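Next comes query28.txt, a file with compact mmCIF, C-alpha atoms.
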# COMPACT_ATOMS: atom_id res chain seq x y z
CA MET A 686 0.00 0.00 0.00
CA ARG A 687 1.30 3.45 -0.89
CA LYS A 688 2.52 5.53 2.01
CA TYR A 689 0.15 8.36 2.91
CA THR A 690 1.58 11.86 2.87
CA PRO A 691 -0.25 14.61 4.81
CA LYS A 692 -1.81 17.27 2.58
CA ASP A 693 -2.76 19.85 5.20
CA SER A 694 -0.39 22.55 3.94
CA VAL A 695 -0.64 21.98 0.18
CA GLN A 696 -1.69 25.55 -0.55
CA LYS A 697 1.17 26.94 1.52
CA GLN A 698 3.57 24.80 -0.51
CA ALA A 699 2.16 25.94 -3.85
CA TYR A 700 4.81 26.31 -6.51
CA PHE A 701 5.63 29.92 -7.38
CA SER A 702 7.14 30.96 -10.69
CA ASP A 703 8.37 34.44 -11.46
CA ARG A 704 6.88 35.62 -14.75
CA PHE A 705 10.09 37.53 -15.47
CA PHE A 706 12.25 34.45 -14.94
CA VAL A 707 14.06 33.22 -18.05
CA SER A 708 14.94 29.54 -17.86
CA PRO A 709 18.56 28.75 -18.66
CA PRO A 710 19.30 26.91 -21.92
CA VAL A 711 19.61 23.13 -21.80
CA PRO A 712 23.30 22.20 -21.84
CA ARG A 713 24.59 20.33 -24.87
CA LEU A 714 27.35 17.83 -24.25
CA ASN A 715 29.89 16.28 -26.56
CA PRO A 716 28.92 12.78 -27.81
CA ASN A 717 32.27 11.46 -26.59
CA GLU A 718 31.21 11.97 -22.97
CA ASP A 719 29.02 8.86 -23.20
CA GLU A 720 30.70 5.58 -24.16
CA VAL A 721 27.68 4.12 -25.98
CA PHE A 722 26.82 7.33 -27.79
CA ALA A 723 30.47 7.83 -28.77
CA LYS A 724 30.53 4.49 -30.59
CA ASP A 725 27.17 5.11 -32.25
CA PHE A 726 28.16 8.59 -33.39
CA GLU A 727 31.46 7.31 -34.78
CA GLU A 728 29.60 4.68 -36.80
CA ILE A 729 27.03 7.15 -38.11
CA ASN A 730 29.60 9.80 -38.97
CA TYR A 731 31.70 7.21 -40.82
CA CYS A 732 28.82 6.21 -43.10
CA ILE A 733 26.94 9.53 -43.30
CA SER A 734 28.14 13.10 -43.23
CA VAL A 735 26.76 14.51 -39.95
CA LYS A 736 26.22 18.27 -39.76
CA GLU A 737 25.96 18.48 -35.98
CA ALA A 738 25.81 16.09 -33.02
CA TYR A 739 25.42 16.57 -29.27
CA ILE A 740 23.90 15.00 -26.17
CA GLU A 741 20.87 16.83 -24.80
CA LEU A 742 18.85 15.62 -21.79
CA GLY A 743 20.33 12.15 -22.12
CA HIS A 744 19.49 11.88 -25.85
CA LEU A 745 21.99 11.77 -28.68
CA VAL A 746 20.86 14.33 -31.27
CA VAL A 747 22.18 13.94 -34.80
CA VAL A 748 21.54 16.57 -37.50
CA ILE A 749 21.88 15.24 -41.04
CA ASP A 750 20.98 16.14 -44.61
CA ARG A 751 17.53 14.95 -45.64
CA ASN A 752 18.97 13.05 -48.61
CA PHE A 753 20.75 10.65 -46.20
CA LEU A 754 17.65 9.96 -44.08
CA ILE A 755 16.93 6.46 -45.40
CA SER A 756 20.59 5.42 -45.15
CA CYS A 757 20.76 6.70 -41.58
CA VAL A 758 17.55 4.96 -40.48
CA LYS A 759 18.63 1.71 -42.10
CA LEU A 760 21.95 1.90 -40.26
CA LEU A 761 20.28 2.66 -36.94
CA LYS A 762 17.88 -0.26 -37.17
CA GLU A 763 20.02 -2.98 -38.73
CA LYS A 764 23.42 -2.32 -37.17
CA LEU A 765 23.12 -0.01 -34.16
CA GLU A 766 20.08 -1.79 -32.62
CA TYR A 767 17.73 1.20 -32.50
CA ASP A 768 14.73 -1.01 -33.09
CA MET A 769 11.82 1.27 -32.13
CA LEU A 770 10.57 4.51 -33.65
CA ILE A 771 8.90 6.37 -30.78
CA GLU A 772 7.75 9.55 -32.49
CA LEU A 773 8.21 11.73 -35.54
CA SER A 774 6.85 15.15 -36.40
CA ALA A 775 7.83 18.57 -37.73
CA ILE A 776 8.25 22.16 -36.55
CA ASP A 777 7.06 25.09 -38.64
CA TYR A 778 9.95 27.39 -39.57
CA LEU A 779 8.35 28.59 -42.83
CA ALA A 780 8.56 32.28 -41.94
CA SER A 781 12.09 32.35 -40.53
CA LYS A 782 13.87 29.60 -42.50
CA GLY A 783 11.52 28.76 -45.37
CA GLY A 784 10.85 25.15 -44.39
CA TYR A 785 10.29 22.55 -41.67
CA GLU A 786 12.52 20.87 -39.13
CA ILE A 787 11.70 17.15 -39.22
CA PHE A 788 12.71 15.05 -36.21
CA TYR A 789 12.65 11.31 -35.51
CA GLU A 790 12.94 9.78 -32.04
CA PHE A 791 14.43 6.26 -31.79
CA LEU A 792 14.81 3.87 -28.87
CA SER A 793 17.26 0.99 -28.41
CA LEU A 794 15.77 -1.65 -26.12
CA SER A 795 19.08 -3.47 -25.79
CA LYS A 796 21.19 -0.38 -25.03
CA HIS A 797 18.48 1.55 -23.13
CA LYS A 798 19.38 4.65 -25.13
CA ARG A 799 17.41 7.23 -27.09
CA LEU A 800 18.58 8.89 -30.29
CA ARG A 801 17.02 11.78 -32.19
CA VAL A 802 17.60 12.43 -35.90
CA LYS A 803 16.91 15.91 -37.28
CA CYS A 804 16.87 17.21 -40.84
CA PHE A 805 15.64 20.35 -42.60
CA LEU A 806 12.99 20.17 -45.32
CA PRO A 807 12.42 23.14 -47.66
CA LYS A 808 8.86 24.35 -48.18
CA ASP A 809 8.10 22.79 -51.58
CA LYS A 810 10.02 19.53 -51.08
CA ALA A 811 8.92 16.10 -49.80
CA ILE A 812 10.45 13.72 -47.28
CA GLU A 813 10.87 9.96 -47.67
CA SER A 814 8.53 7.68 -45.74
CA LEU A 815 9.89 5.38 -43.03
CA THR A 816 7.02 2.88 -43.22
CA PRO A 817 9.23 0.22 -44.92
CA PHE A 818 11.35 0.18 -41.73
CA PHE A 819 8.81 1.03 -39.00
CA LYS A 820 5.06 0.41 -39.33
CA SER A 821 4.40 2.99 -36.61
CA ALA A 822 5.56 5.72 -39.00
CA ASN A 823 2.35 5.27 -41.00
CA TRP A 824 0.08 7.15 -38.59
CA SER A 825 2.67 9.72 -37.49
CA GLU A 826 3.45 10.69 -41.07
CA ARG A 827 -0.24 11.05 -41.85
CA GLU A 828 -0.66 13.30 -38.81
CA MET A 829 2.36 15.36 -39.86
CA TYR A 830 0.87 15.78 -43.34
CA ASP A 831 -2.60 16.61 -41.97
CA MET A 832 -1.57 19.11 -39.29
CA LEU A 833 1.49 20.74 -40.91
CA GLY A 834 1.25 19.98 -44.63
CA VAL A 835 4.54 18.06 -44.86
CA LYS A 836 4.43 15.86 -47.97
CA VAL A 837 5.73 12.30 -47.61
CA VAL A 838 6.65 10.23 -50.67
CA ASN A 839 6.35 6.42 -50.91
CA HIS A 840 3.73 6.40 -48.15
CA PRO A 841 1.15 3.58 -48.53
CA ASN A 842 -1.88 5.78 -47.74
CA LEU A 843 -1.05 9.46 -47.36
CA LYS A 844 -4.35 11.12 -46.46
CA ARG A 845 -5.65 13.31 -43.67
CA LEU A 846 -5.88 11.65 -40.27
CA ILE A 847 -7.85 14.12 -38.12
CA MET A 848 -9.36 16.81 -40.34
CA PRO A 849 -11.84 16.08 -43.19
CA ASP A 850 -10.33 15.23 -46.56
CA ASP A 851 -11.52 18.49 -48.13
CA TRP A 852 -10.38 20.74 -45.27
CA TYR A 853 -8.49 23.82 -46.36
CA ASP A 854 -4.95 24.38 -45.04
CA HIS A 855 -3.29 22.73 -42.03
CA PRO A 856 -4.25 23.71 -38.43
CA LEU A 857 -0.82 23.48 -36.77
CA LYS A 858 0.86 25.93 -39.10
CA LYS A 859 1.82 29.18 -37.41
CA THR A 860 -0.02 31.08 -40.14
CA TYR A 861 -3.32 29.26 -39.48
CA PRO A 862 -5.90 31.44 -37.61
CA LEU A 863 -6.55 30.35 -34.04
CA GLN A 864 -10.32 30.17 -34.64
CA GLY A 865 -10.20 28.94 -38.22
CA ASP A 866 -10.53 30.78 -41.50
CA GLU A 867 -13.58 31.79 -43.53
CA ALA A 868 -13.97 28.29 -44.98
CA ALA A 869 -13.94 26.75 -41.50
CA SER A 870 -16.78 28.97 -40.26
CA TRP A 871 -19.12 27.63 -42.97
CA TYR A 872 -17.88 24.04 -43.26
CA GLU A 873 -20.47 22.23 -41.10
CA VAL A 874 -23.35 24.40 -42.33
CA ASP A 875 -22.49 23.68 -45.97
CA LYS A 876 -21.98 19.96 -45.39
CA ILE A 877 -25.08 19.28 -43.28
CA PHE A 878 -27.68 21.79 -44.54
CA GLY A 879 -26.19 23.15 -47.79
CA LYS A 880 -25.02 26.62 -48.78
CA GLU A 881 -28.60 27.79 -49.21
CA ALA A 882 -29.01 27.60 -45.41
CA ARG A 883 -26.25 30.12 -44.68
CA ASP A 884 -28.65 33.03 -44.29
CA ILE A 885 -30.88 31.01 -41.97
CA ILE A 886 -28.28 29.44 -39.66
CA GLY A 887 -25.38 31.87 -39.91
CA PRO A 888 -21.65 31.16 -39.56
CA GLU A 889 -20.32 28.64 -37.08
CA GLN A 890 -19.37 30.03 -33.69
CA ARG A 891 -15.63 29.37 -33.49
CA ASP A 892 -15.04 31.16 -30.19
CA PRO A 893 -15.15 28.49 -27.43
CA ALA A 894 -15.86 31.13 -24.77
CA ALA A 895 -18.91 32.63 -26.49
CA ILE A 896 -22.26 31.59 -24.98
CA ASP A 897 -25.71 32.77 -26.07
CA ARG A 898 -28.30 32.06 -23.41
CA TYR A 899 -31.19 31.82 -25.88
CA ASP A 900 -29.43 30.17 -28.84
CA THR A 901 -31.17 26.87 -29.68
CA THR A 902 -30.03 26.86 -33.31
CA ARG A 903 -26.27 26.50 -32.81
CA PHE A 904 -26.71 24.19 -29.78
CA ALA A 905 -25.23 26.69 -27.31
CA ARG A 906 -28.22 26.47 -25.01
CA LEU A 907 -27.50 26.47 -21.28
CA GLY A 908 -29.71 24.32 -19.06
CA HIS A 909 -32.30 21.70 -20.01
CA GLU A 910 -32.82 20.50 -23.59
CA VAL A 911 -35.31 22.31 -25.82
CA PRO A 912 -36.51 21.67 -29.41
CA PHE A 913 -34.21 22.77 -32.22
CA GLY A 914 -34.65 26.39 -33.22
CA MET A 915 -37.31 27.10 -30.62
CA ASP A 916 -37.68 30.68 -29.37
CA ILE A 917 -37.36 30.46 -25.59
CA THR A 918 -36.99 34.15 -24.77
CA GLN A 919 -40.72 34.42 -24.02
CA PHE A 920 -40.52 31.62 -21.45
CA GLU A 921 -37.54 33.07 -19.58
CA PRO A 922 -37.81 36.86 -19.55
CA GLU A 923 -35.21 37.08 -16.79
CA THR A 924 -32.16 34.87 -16.34
CA PRO A 925 -29.16 34.86 -13.97
CA ILE A 926 -27.16 36.48 -16.80
CA SER A 927 -28.75 39.06 -19.09
CA TYR A 928 -27.34 41.54 -21.56
CA GLU A 929 -28.52 45.04 -22.39
CA GLU A 930 -27.14 47.49 -24.92
CA LYS A 931 -26.15 51.01 -23.89
CA GLU A 932 -24.36 53.43 -26.23
CA GLY A 933 -22.79 50.60 -28.18
CA ASN A 934 -21.21 48.94 -25.12
CA THR A 935 -22.38 45.60 -23.76
CA LEU A 936 -23.13 45.67 -20.04
CA VAL A 937 -23.45 42.55 -17.91
CA LYS A 938 -26.24 42.53 -15.34
CA LYS A 939 -26.19 39.88 -12.60
CA LEU A 940 -29.49 39.17 -10.92
CA LYS A 941 -29.88 38.00 -7.36
CA PRO A 942 -31.44 34.54 -6.84
CA GLU A 943 -34.64 36.03 -5.41
CA GLU A 944 -35.07 38.15 -8.57
CA SER A 945 -34.97 35.22 -11.01
CA VAL A 946 -38.36 34.32 -12.48
CA VAL A 947 -37.04 30.89 -13.45
CA LEU A 948 -36.09 29.98 -9.88
CA LYS A 949 -39.44 31.20 -8.59
CA ARG A 950 -41.30 29.02 -11.08
CA ARG A 951 -39.17 25.97 -10.20
CA ARG A 952 -39.81 26.46 -6.49
Whole structure, structure tokens version:
Amino acid sequence: MRKYTPKDSVQKQAYFSDRFFVSPPVPRLNPNEDEVFAKDFEEINYCISVKEAYIELGHLVVVIDRNFLISCVKLLKEKLEYDMLIELSAIDYLASKGGYEIFYEFLSLSKHKRLRVKCFLPKDKAIESLTPFFKSANWSEREMYDMLGVKVVNHPNLKRLIMPDDWYDHPLKKTYPLQGDEAASWYEVDKIFGKEARDIIGPEQRDPAAIDRYDTTRFARLGHEVPFGMDITQFEPETPISYEEKEGNTLVKKLKPEESVVLKRRR
């Protein structure tokens, strides 16, 4: 049974972080400081021209040219015993560098070591698929294509994984609007009801914090269920939260419990 630790003074022990504090950079060590990584780096550098290599947080990071990716992965799996691909993805550097930084995280079960391979991919280029070596790359490469728009060649089924097939653009790009673009605001209306219903339903509410007390059309209704599109303002003339317009500014009026008609009727 796990040992019980008293929690009487948890709030007094709350972690405090200074908002002006700048965390120090993670130190990068030479690969020769680890015996296993030194041998692996020597083997990789002998077969492939390595641009940069260092140990960071216990991981050996190797930066290579994207044209040597398949040769490097084949070497890691067949000779250096890195037999598991943990994760792969990309980072958007389109604005600053004109491309993506692709990274692959490998694990050696026999050595108990982790190795990360990095390469740079220009904007209009494609990266080779690793599915012939690791089946787990199938889903990760599809997610990378769906979210960031990174094209992968020789993939068995390169299609969107999360977003619909006809979705415009890629949501994890830094240029993608936080609440979607114009096409996103009409997507569900066009698909379910058709474009002719735009004037009736209106655009999709993309703001997760926006709540309309009386909206039964966009399913933002608070409280019990009501029929679709039903006008409920006549049944609840006063609510705990009501809005009134004054000189173009929206004022929030909070009613006391004894002033609510709804609570009186329920009592």
Using all atoms of stretch 805-816 of chain A listed in the file and a margin of 6 Å per side, can you give the axis-aligned box centre and edge lengths in Å to one decimal, as JSON?
{"center_x": 11.3, "center_y": 13.6, "center_z": -47.1, "size_x": 20.6, "size_y": 33.5, "size_z": 21.0}
Atom CA of A:Lys796 to atom CA of A:Val721, straight-line distance in Å: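 Value for the atom CA of A:Val721-atom CA of A:Lys796 distance: 8.0 Å.
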May I have the residues within 9 Å of stretch 764-773 of chain A as number ranges by chain, using only C-alpha atoms and disregarding those fewer than 3 positions away in the same chain? A: 725, 728, 758-761, 787-796, 798-800, 819-822, 825-826, 829
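Of the listed residues A:Leu779, A:Arg883, A:Phe805, A:Leu815, the one whose atoms come nearest to A:Thr860 is A:Leu779, with distances taken using all atoms listed in the file.
For the residues A:Ser774, A:Phe753, A:Ile917, A:Val802, ranking by smallest atom-to-atom distance to A:Trp824 using all atoms listed in the file places A:Ser774 first.
Atom pair atom CA of A:Glu813 / atom CA of A:His840: separated by 8.0 Å.
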Tell me, in Å to one decimal, how far atom CA of A:Ile885 is from atom CA of A:Trp871.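 Distance between the two atoms: 12.3 Å.
You can rank A:Tyr861, A:Phe706, A:Phe818, A:Tyr778 by their closest distance to A:Glu763 using all atoms listed in the file, and at the top of that list sits A:Phe818.
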Can you tell me, as a list in words, what residues are no more than 7 Å from A:Phe722 when counting only C-alpha atoms, ignoring any on the same chain fewer than 5 positions away?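 Selected residues are Pro716, Asn717 and Leu745 of chain A.
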For the point (11.0, 10.8, -49.2) in file coordinates, what residues are within 6 Å, counting all atoms listed in the file? Give the answer as JSON, numbers by chain? {"A": [811, 812, 813, 814, 837, 838]}
Find the residues with any atom within 8 Å of (-0.2, 20.3, -44.9); use only C-alpha atoms and the coordinates as given in the file, and write the answer as a ChimeraX atom specification. /A:829-836,854-855
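The residue that comes closest to A:Ile776, out of A:Arg704, A:Arg827, A:Lys859, A:His744 and on the basis of only C-alpha atoms, is A:Lys859.
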Would you list the contacts of A:Arg891 as a list in words, taking every protein, DNA or RNA residue within 8 Å and counting only C-alpha atoms, but skipping same-chain residues closer than 4 positions in sequence?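 After dropping sequence-adjacent residues, the list is Gln864, Gly865 and Ser870 of chain A.
Proximity of A:Cys732, A:Cys804, A:Met915, A:Ala868 to A:Asp750, computed with all atoms listed in the file, is greatest for A:Cys804.
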